[in-house]
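Novice: Let me begin by handing over the structure; questions about it come next.
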Amino acid sequence: VNFSEDPVVHFKYIQSACQLGQFKEAERVCRDSNIYKPEEVKDYLKNAKLPDPRPLIHVCDRFDFVDELTEYLYLNSLLQYVEVYVTKVSPAKTPQVIGKLFDLGANQDFIKRILMAVGTACPVEEMVEIAETRNRLRMLQPWLEARVATGSTEPGTHNALGKIYIQMNKDPKAFLLNNMFYQPKVLGPFCESLDPSLAFVAYKRGAGECDDDLIRISFAHGLFRDLARYLVERQDLELWAKVLTKDESSEGDAATEKESQRRQLIDQVVEWALPESTSADEVSCTVKAFMAADLPGELITLLERIILQGSDFSDNKNLQNLLILTAIRADHSRVASYIDQLDNFDAKDIAIICVSESHMLYEEAYSIYNKFAKPEFSTDKEEQVEMQVLAIGVLVDFMKDLDRAKGYANQVDEKPVWSKLGKAQLDEKMAAEAITSFINAEDASEYVTVCAEANEAEIYAELIPFLKMARKNLQENLLDTELIYAYAKTNNLTDLEVFVNGPNVANIQSIGDRCFSEGLYNAAKILFKNINNNSKLALCHIHLEEYREAVSAATQANNVSTWKQVCFACLRAGEFRLAATCGLEVIKYPDHVDEVVTYYSDLGHFDHLVSLFEQGLGLEDAHIGIFTELGILYTKHVPEKVMEHCKVFFSKLNVSKLVRSCERARLWKPAVYLYMADKQFDNAVKVMSEHATSFDNDLFLDSIVKVRNAEIMYKAVNFYLTMHPMLFTRLMEVLEDLVDHSRVVSQLRRTGDWALQIGQEYMKAVQKANLSAVNEALNELYIEDEDYESLRKSIDKFKNFNMIALASKLATHELLEFRRISAYVYRCNKKWSQSIELSKNDRMWKDCIDTANESADAEIIENLLRFFCETSEKECFCAALYTCFAHVRPDIALELGWLNGYHHFIMPFLIQNMRQTADRLQALEERTKPPKEEENQDSIAQTYSSLQGFGTGMLMLENGGGMGGMMPPPQMGQGGIDMSGFVPAQGMPNPGMMPNGGMPHGSMPMY
């Protein structure tokens, strides 16, 4: 059993131990094992009825079978084990045991004995709950009193004991008042059904925790006086709010009943609770509660009862304040009488509330201030004046009655009162009256506003006395400045000059500017002269038309702005000499040159303007702007001087600005000069291209080679073709190394055939570059001009063109020489068949033979030989064999000669062929024969030397210049063949033949 986890094993072990009487072992397993099934073991032990129930006690205690255990022990008279269980085993389960004993009808003495034995170990609240549910609470009295006697402070104990005393009526009120440990929330509801007054006491004992319940039972049982006293004593505004605030949620009879209860409570407070109170705090809190609950009528009644009907609080300042404030809120008609009757209230605070927007009791506020300004209420003089100021403040700020305020000020005649009145008059824009009031008050504090309002109203004569008064106590810049301005506005120049020359802190500069802006030039002149502001002084002289004095002042100022203004003024007045004097000073500054020019131009004085800038050239510090602007003026008004000016002063000109002016004036030649001098060759070329009057060929050629944009060169090509075609060749000589010749040729083509004719010399000059476009263009020109010799030379030297296209074009040309050139071009491109066909059509047999020989194609040569045979061209047949010797098979030659009877014409070919064969065999034998003696070698050499040339020279046929010697002249009349058309004379080429593969040179073929 110590190792098994099988419930059956454990159960059998317990069963065996019980049957064997080993109760301790059964008790051990029941106490310690967690394996067995509790229900099964419990049922077995109950049925076994063992003399020792401790195993059953452990099982029931562990698995909460307390009720069954108690019932088993009680029914089997094992009461001593019940007591042992609750005292030794599990005291905390005493309530369950007692409850079961109650249910079983056990003896009360036995139960009391068990409780007393368990003592404080038994849970009170659970025990009380079980006893109370079974109406056996009184049975617990001794046990509870014993716990209290031991010093227990558990609320549950005292709650149960209180319930017992209340049920027994054992002085319950004393218990509720004196006991400190019970819970009002528990005993209060318990008392409600028995005695509501006891419940009130219990709830009251809760110190605020049970206020809702206290209010509820008070309203339910009419305990309004007790509740009123409690509310006054509590001094809790939130609690007051609960009882004084109307319940908006109720309707009908319920609402009427609640309102009636609220009224009864308020009456009890007013009639009994508050008059009985001697605590100021209680009274204050109650009043605040009435205020918070918005009960002004009831509050006035309450306060009148306290204050006016005599009580300890009649002179209480807070209550008097409250009474007046309540009247202000609820009944305005009573406020004035309360102010007259009461003397101990906060006058200032109450008056402020009276004048607030929500009440607007201005007369009452004025009465308060006026009352407390009297000596019997305010002994301090300063306080009296303060009240007077506040009183007039009500008149001027709220009542807006300035006439009444003025009368009040005359009545009291105090400076602060006058000052207050002056400020009010100032706010109402009554500047003159305000100045008088401030003078009476000798108050200059508002001098800034006074000056502003006086300026706005333009009452400078009235302002002067105020400013003089203010200067006695203040030394402020504004006062002196405004006094000067007032003198100026009143045209009191004598006093103005005296004041300015005397000590002052005025801002003379600002007031001078002000006078100047308003046209007070005489006053401004005095002020600017005083501070040596010659710039503004000069302007004053201008406005006073004192031009010489203005120039003198400008000289002293030496300021460009002043010079400029004086210059313009003199110009407007026609004082040109003075204007020029000033203008020379102005144009020294580049930023102002344009303005001078504009002003002169607007007035139309162009000659004077040009003269001014011409004089400016002689200035020591003449800058680039003067020279440039003079050039611009020349372009507009004296164009004949522009070029000279540009050449003389180029280094001092703003070229870009001047050239734009030249362009606007259409002075193109000066513009070109400026562009070139400034190295803007692109623009120079552009101008000369667009404007014919500016064109100069030398300048153009000089500029075009220096342009940065290559596109301009091609535009120049078009320009010359269009405008100056006779100079085109010269242009292209200059541009030869700088342009793309293919593009130029393309331009020429687009322009027209005449353009190609013009550009022919140029294209010949650049043909050395061997460009396709150039070659083709020239070839076309040669064809058009029927210049076949030049065309032939061009084709021989420059082959970079579309040769097939040219050949195709020339194949149908009407001139023979061009068709021969076509055949030649085909031959150069190895188009042998096309070349031979063209030559056949034109009966140019020699060309056919040369072409066939150059092709080295046996088939082409054979076809040509057969053609000659078919056309009976015997001499051409023989010439073809001679020329194409290296490429003709002997059998073909023999066949054709035999078939056509050309034995004599093929004989030279056969002889040469046999000689060639013999030489090859001999060379072969030489390479293969065995070595011989030296003698034999010498004899062989001698033999060969004797055979050289067969005496007169051996006949040798070979292609072109490949022959070892020349063919001897044919013998005519001896049966031989006439070879005069093929064999040249000794040392001279045949006029109709070129060297091998050469081109014919203009001679006609021989037939």
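In the structure tokens, the first chain shown is A, the next is B, and so on; residue numbers restart at 1 for each chain, and ligands run from 1 in the order shown.
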Just want the 10 Å neighbourhood of Ala441 of chain A, counted on only C-alpha atoms, with same-chain residues fewer than 6 positions away dropped. Output as an mmCIF file with N, CA, C and O atoms, in the first residue's frame.
Specialist:
data_model
loop_
_atom_site.group_PDB
_atom_site.id
_atom_site.type_symbol
_atom_site.label_atom_id
_atom_site.label_comp_id
_atom_site.auth_asym_id
_atom_site.auth_seq_id
_atom_site.Cartn_x
_atom_site.Cartn_y
_atom_site.Cartn_z
ATOM 1 N N ASP A 413 -13.101 117.498 -6.057
ATOM 2 C CA ASP A 413 -11.887 118.212 -6.443
ATOM 3 C C ASP A 413 -10.619 117.513 -5.954
ATOM 4 O O ASP A 413 -9.784 118.098 -5.255
ATOM 5 N N GLU A 414 -10.494 116.251 -6.349
ATOM 6 C CA GLU A 414 -9.289 115.482 -6.041
ATOM 7 C C GLU A 414 -8.604 115.139 -7.361
ATOM 8 O O GLU A 414 -9.241 114.791 -8.365
ATOM 9 N N LYS A 415 -7.269 115.221 -7.357
ATOM 10 C CA LYS A 415 -6.516 114.979 -8.587
ATOM 11 C C LYS A 415 -6.747 113.580 -9.165
ATOM 12 O O LYS A 415 -6.926 113.449 -10.390
ATOM 13 N N PRO A 416 -6.743 112.526 -8.348
ATOM 14 C CA PRO A 416 -7.012 111.207 -8.944
ATOM 15 C C PRO A 416 -8.389 111.120 -9.601
ATOM 16 O O PRO A 416 -8.559 110.427 -10.606
ATOM 17 N N VAL A 417 -9.370 111.874 -8.994
ATOM 18 C CA VAL A 417 -10.709 111.858 -9.581
ATOM 19 C C VAL A 417 -10.686 112.555 -10.931
ATOM 20 O O VAL A 417 -11.273 112.075 -11.926
ATOM 21 N N TRP A 418 -9.992 113.713 -10.992
ATOM 22 C CA TRP A 418 -9.856 114.393 -12.282
ATOM 23 C C TRP A 418 -9.135 113.509 -13.310
ATOM 24 O O TRP A 418 -9.485 113.483 -14.493
ATOM 25 N N SER A 419 -8.136 112.813 -12.829
ATOM 26 C CA SER A 419 -7.380 111.936 -13.735
ATOM 27 C C SER A 419 -8.272 110.826 -14.301
ATOM 28 O O SER A 419 -8.234 110.522 -15.505
ATOM 29 N N LYS A 420 -9.089 110.251 -13.399
ATOM 30 C CA LYS A 420 -10.013 109.205 -13.853
ATOM 31 C C LYS A 420 -11.003 109.769 -14.870
ATOM 32 O O LYS A 420 -11.310 109.134 -15.904
ATOM 33 N N LEU A 421 -11.497 110.964 -14.594
ATOM 34 C CA LEU A 421 -12.428 111.593 -15.516
ATOM 35 C C LEU A 421 -11.744 111.880 -16.856
ATOM 36 O O LEU A 421 -12.324 111.668 -17.932
ATOM 37 N N GLY A 422 -10.488 112.342 -16.801
ATOM 38 C CA GLY A 422 -9.765 112.631 -18.045
ATOM 39 C C GLY A 422 -9.593 111.385 -18.907
ATOM 40 O O GLY A 422 -9.736 111.421 -20.135
ATOM 41 N N ILE A 435 -8.020 116.995 -22.006
ATOM 42 C CA ILE A 435 -6.816 117.787 -21.736
ATOM 43 C C ILE A 435 -7.043 118.707 -20.540
ATOM 44 O O ILE A 435 -6.180 118.854 -19.653
#
Novice: I want to know what sits within 10 Å of Asn473 of chain A, based on only C-alpha atoms, with residues of the same chain fewer than 4 positions away left out; could you give that as a ChimeraX atom specification?
Specialist: /A:442-444,468-469
Novice: List the spatial neighbours of Gln757 of chain A as an MDAnalysis selection string - criterion: any atom at most 10 Å away, only C-alpha atoms, same-chain residues fewer than 6 positions off excluded.
Specialist: chainID A and resid 748 763 777:778 781
Novice: Residues near Cys567 of chain A, anyone? I mean within 8 Å using only C-alpha atoms, not counting same-chain ones fewer than 3 positions away, as a list in words.
Specialist: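 Near neighbours after the sequence-gap exclusion: Trp563, Lys564, Cys570, Leu571, Leu578, Ala579, Ala580, Thr581, Cys582 and Gly583 of chain A.
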Novice: Would you mind exporting the chosen residues as a PDB file, in the first residue's frame, restricted to N, CA and C atoms?
Specialist:
ATOM      1  N   TRP A 563      21.619 113.923 -54.626  1.00  0.00           N
ATOM      2  CA  TRP A 563      22.007 114.444 -55.941  1.00  0.00           C
ATOM      3  C   TRP A 563      20.930 114.146 -56.976  1.00  0.00           C
ATOM      4  N   LYS A 564      20.424 112.946 -56.942  1.00  0.00           N
ATOM      5  CA  LYS A 564      19.449 112.516 -57.931  1.00  0.00           C
ATOM      6  C   LYS A 564      18.161 113.329 -57.819  1.00  0.00           C
ATOM      7  N   CYS A 570      15.698 120.089 -60.655  1.00  0.00           N
ATOM      8  CA  CYS A 570      16.222 121.142 -61.527  1.00  0.00           C
ATOM      9  C   CYS A 570      15.825 120.880 -62.974  1.00  0.00           C
ATOM     10  N   LEU A 571      15.794 119.604 -63.349  1.00  0.00           N
ATOM     11  CA  LEU A 571      15.410 119.258 -64.712  1.00  0.00           C
ATOM     12  C   LEU A 571      13.953 119.640 -64.972  1.00  0.00           C
ATOM     13  N   LEU A 578      22.259 123.427 -63.708  1.00  0.00           N
ATOM     14  CA  LEU A 578      22.285 122.859 -62.360  1.00  0.00           C
ATOM     15  C   LEU A 578      21.983 121.353 -62.402  1.00  0.00           C
ATOM     16  N   ALA A 579      21.076 120.989 -63.300  1.00  0.00           N
ATOM     17  CA  ALA A 579      20.740 119.570 -63.423  1.00  0.00           C
ATOM     18  C   ALA A 579      21.956 118.774 -63.892  1.00  0.00           C
ATOM     19  N   ALA A 580      22.727 119.342 -64.833  1.00  0.00           N
ATOM     20  CA  ALA A 580      23.921 118.642 -65.309  1.00  0.00           C
ATOM     21  C   ALA A 580      24.952 118.519 -64.202  1.00  0.00           C
ATOM     22  N   THR A 581      25.078 119.566 -63.392  1.00  0.00           N
ATOM     23  CA  THR A 581      26.021 119.505 -62.266  1.00  0.00           C
ATOM     24  C   THR A 581      25.675 118.349 -61.333  1.00  0.00           C
ATOM     25  N   CYS A 582      24.399 118.231 -61.037  1.00  0.00           N
ATOM     26  CA  CYS A 582      23.967 117.126 -60.162  1.00  0.00           C
ATOM     27  C   CYS A 582      24.034 115.790 -60.888  1.00  0.00           C
ATOM     28  N   GLY A 583      23.672 115.810 -62.171  1.00  0.00           N
ATOM     29  CA  GLY A 583      23.647 114.560 -62.927  1.00  0.00           C
ATOM     30  C   GLY A 583      25.015 113.923 -63.023  1.00  0.00           C
TER      31      GLY A 583
END
Novice: Could you pull the residues within 12 Å of segment 631-633 of chain A, counting only C-alpha atoms, minus those fewer than 2 positions along the same chain, as a PyMOL selection string?
Specialist: chain A and resi 594+597-598+600-601+605-614+617+624-629+635-650+652-665+667+670-671+674
Novice: Can you pull out every residue within 9 Å of Val396 of chain A, counting only C-alpha atoms, but drop anything in the same chain fewer than 2 positions away, and send it as a compact mmCIF listing (two decimals) with N, CA, C and O atoms, in the first residue's frame?
Specialist:
# COMPACT_ATOMS: atom_id res chain seq x y z
N ALA A 391 -16.01 105.47 -7.19
CA ALA A 391 -17.35 106.00 -7.39
C ALA A 391 -17.47 106.68 -8.76
O ALA A 391 -18.41 106.44 -9.52
N ILE A 392 -16.47 107.52 -9.09
CA ILE A 392 -16.54 108.17 -10.40
C ILE A 392 -16.31 107.14 -11.50
O ILE A 392 -16.78 107.30 -12.65
N GLY A 393 -15.59 106.07 -11.16
CA GLY A 393 -15.41 105.00 -12.13
C GLY A 393 -16.73 104.36 -12.52
O GLY A 393 -16.94 104.00 -13.69
N VAL A 394 -17.63 104.20 -11.54
CA VAL A 394 -18.95 103.66 -11.84
C VAL A 394 -19.70 104.60 -12.78
O VAL A 394 -20.36 104.18 -13.74
N PHE A 398 -19.52 102.59 -16.28
CA PHE A 398 -20.72 101.77 -16.40
C PHE A 398 -21.96 102.61 -16.76
O PHE A 398 -22.74 102.22 -17.63
N MET A 399 -22.10 103.73 -16.08
CA MET A 399 -23.28 104.55 -16.34
C MET A 399 -23.07 105.49 -17.54
O MET A 399 -24.04 106.01 -18.09
N LYS A 400 -21.81 105.71 -17.92
CA LYS A 400 -21.48 106.55 -19.07
C LYS A 400 -22.09 107.95 -18.95
O LYS A 400 -22.46 108.56 -19.95
N ASP A 401 -22.14 108.42 -17.74
CA ASP A 401 -22.72 109.74 -17.49
C ASP A 401 -21.57 110.70 -17.19
O ASP A 401 -21.22 110.95 -16.02
N LEU A 402 -20.95 111.24 -18.23
CA LEU A 402 -19.76 112.07 -18.03
C LEU A 402 -20.11 113.42 -17.44
O LEU A 402 -19.29 114.02 -16.72
N ARG A 404 -22.48 114.00 -15.17
CA ARG A 404 -22.61 113.75 -13.73
C ARG A 404 -21.23 113.51 -13.11
O ARG A 404 -20.94 113.96 -11.99
N ALA A 405 -20.39 112.82 -13.86
CA ALA A 405 -19.03 112.56 -13.37
C ALA A 405 -18.25 113.86 -13.25
O ALA A 405 -17.49 114.05 -12.29
N LYS A 420 -9.09 110.25 -13.40
CA LYS A 420 -10.01 109.20 -13.85
C LYS A 420 -11.00 109.77 -14.87
O LYS A 420 -11.31 109.13 -15.90
N LEU A 421 -11.50 110.96 -14.59
CA LEU A 421 -12.43 111.59 -15.52
C LEU A 421 -11.74 111.88 -16.86
O LEU A 421 -12.32 111.67 -17.93
N ALA A 424 -11.52 108.77 -18.95
CA ALA A 424 -12.83 108.42 -19.51
C ALA A 424 -13.15 109.33 -20.69
O ALA A 424 -13.67 108.88 -21.72
N GLN A 425 -12.89 110.63 -20.51
CA GLN A 425 -13.15 111.56 -21.62
C GLN A 425 -12.26 111.23 -22.82
O GLN A 425 -12.68 111.36 -23.96
Novice: Between atom CA of Phe681 of chain A and atom CA of Val707 of chain A, what is the distance in Å, rounded to a tenth?
Specialist: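 A separation of 5.2 Å between them.
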Novice: By how many Å are atom CA of Ala557 of chain A and atom CA of Asn530 of chain A apart?
Specialist: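 Atom CA of Asn530 of chain A lies 14.2 Å from atom CA of Ala557 of chain A.
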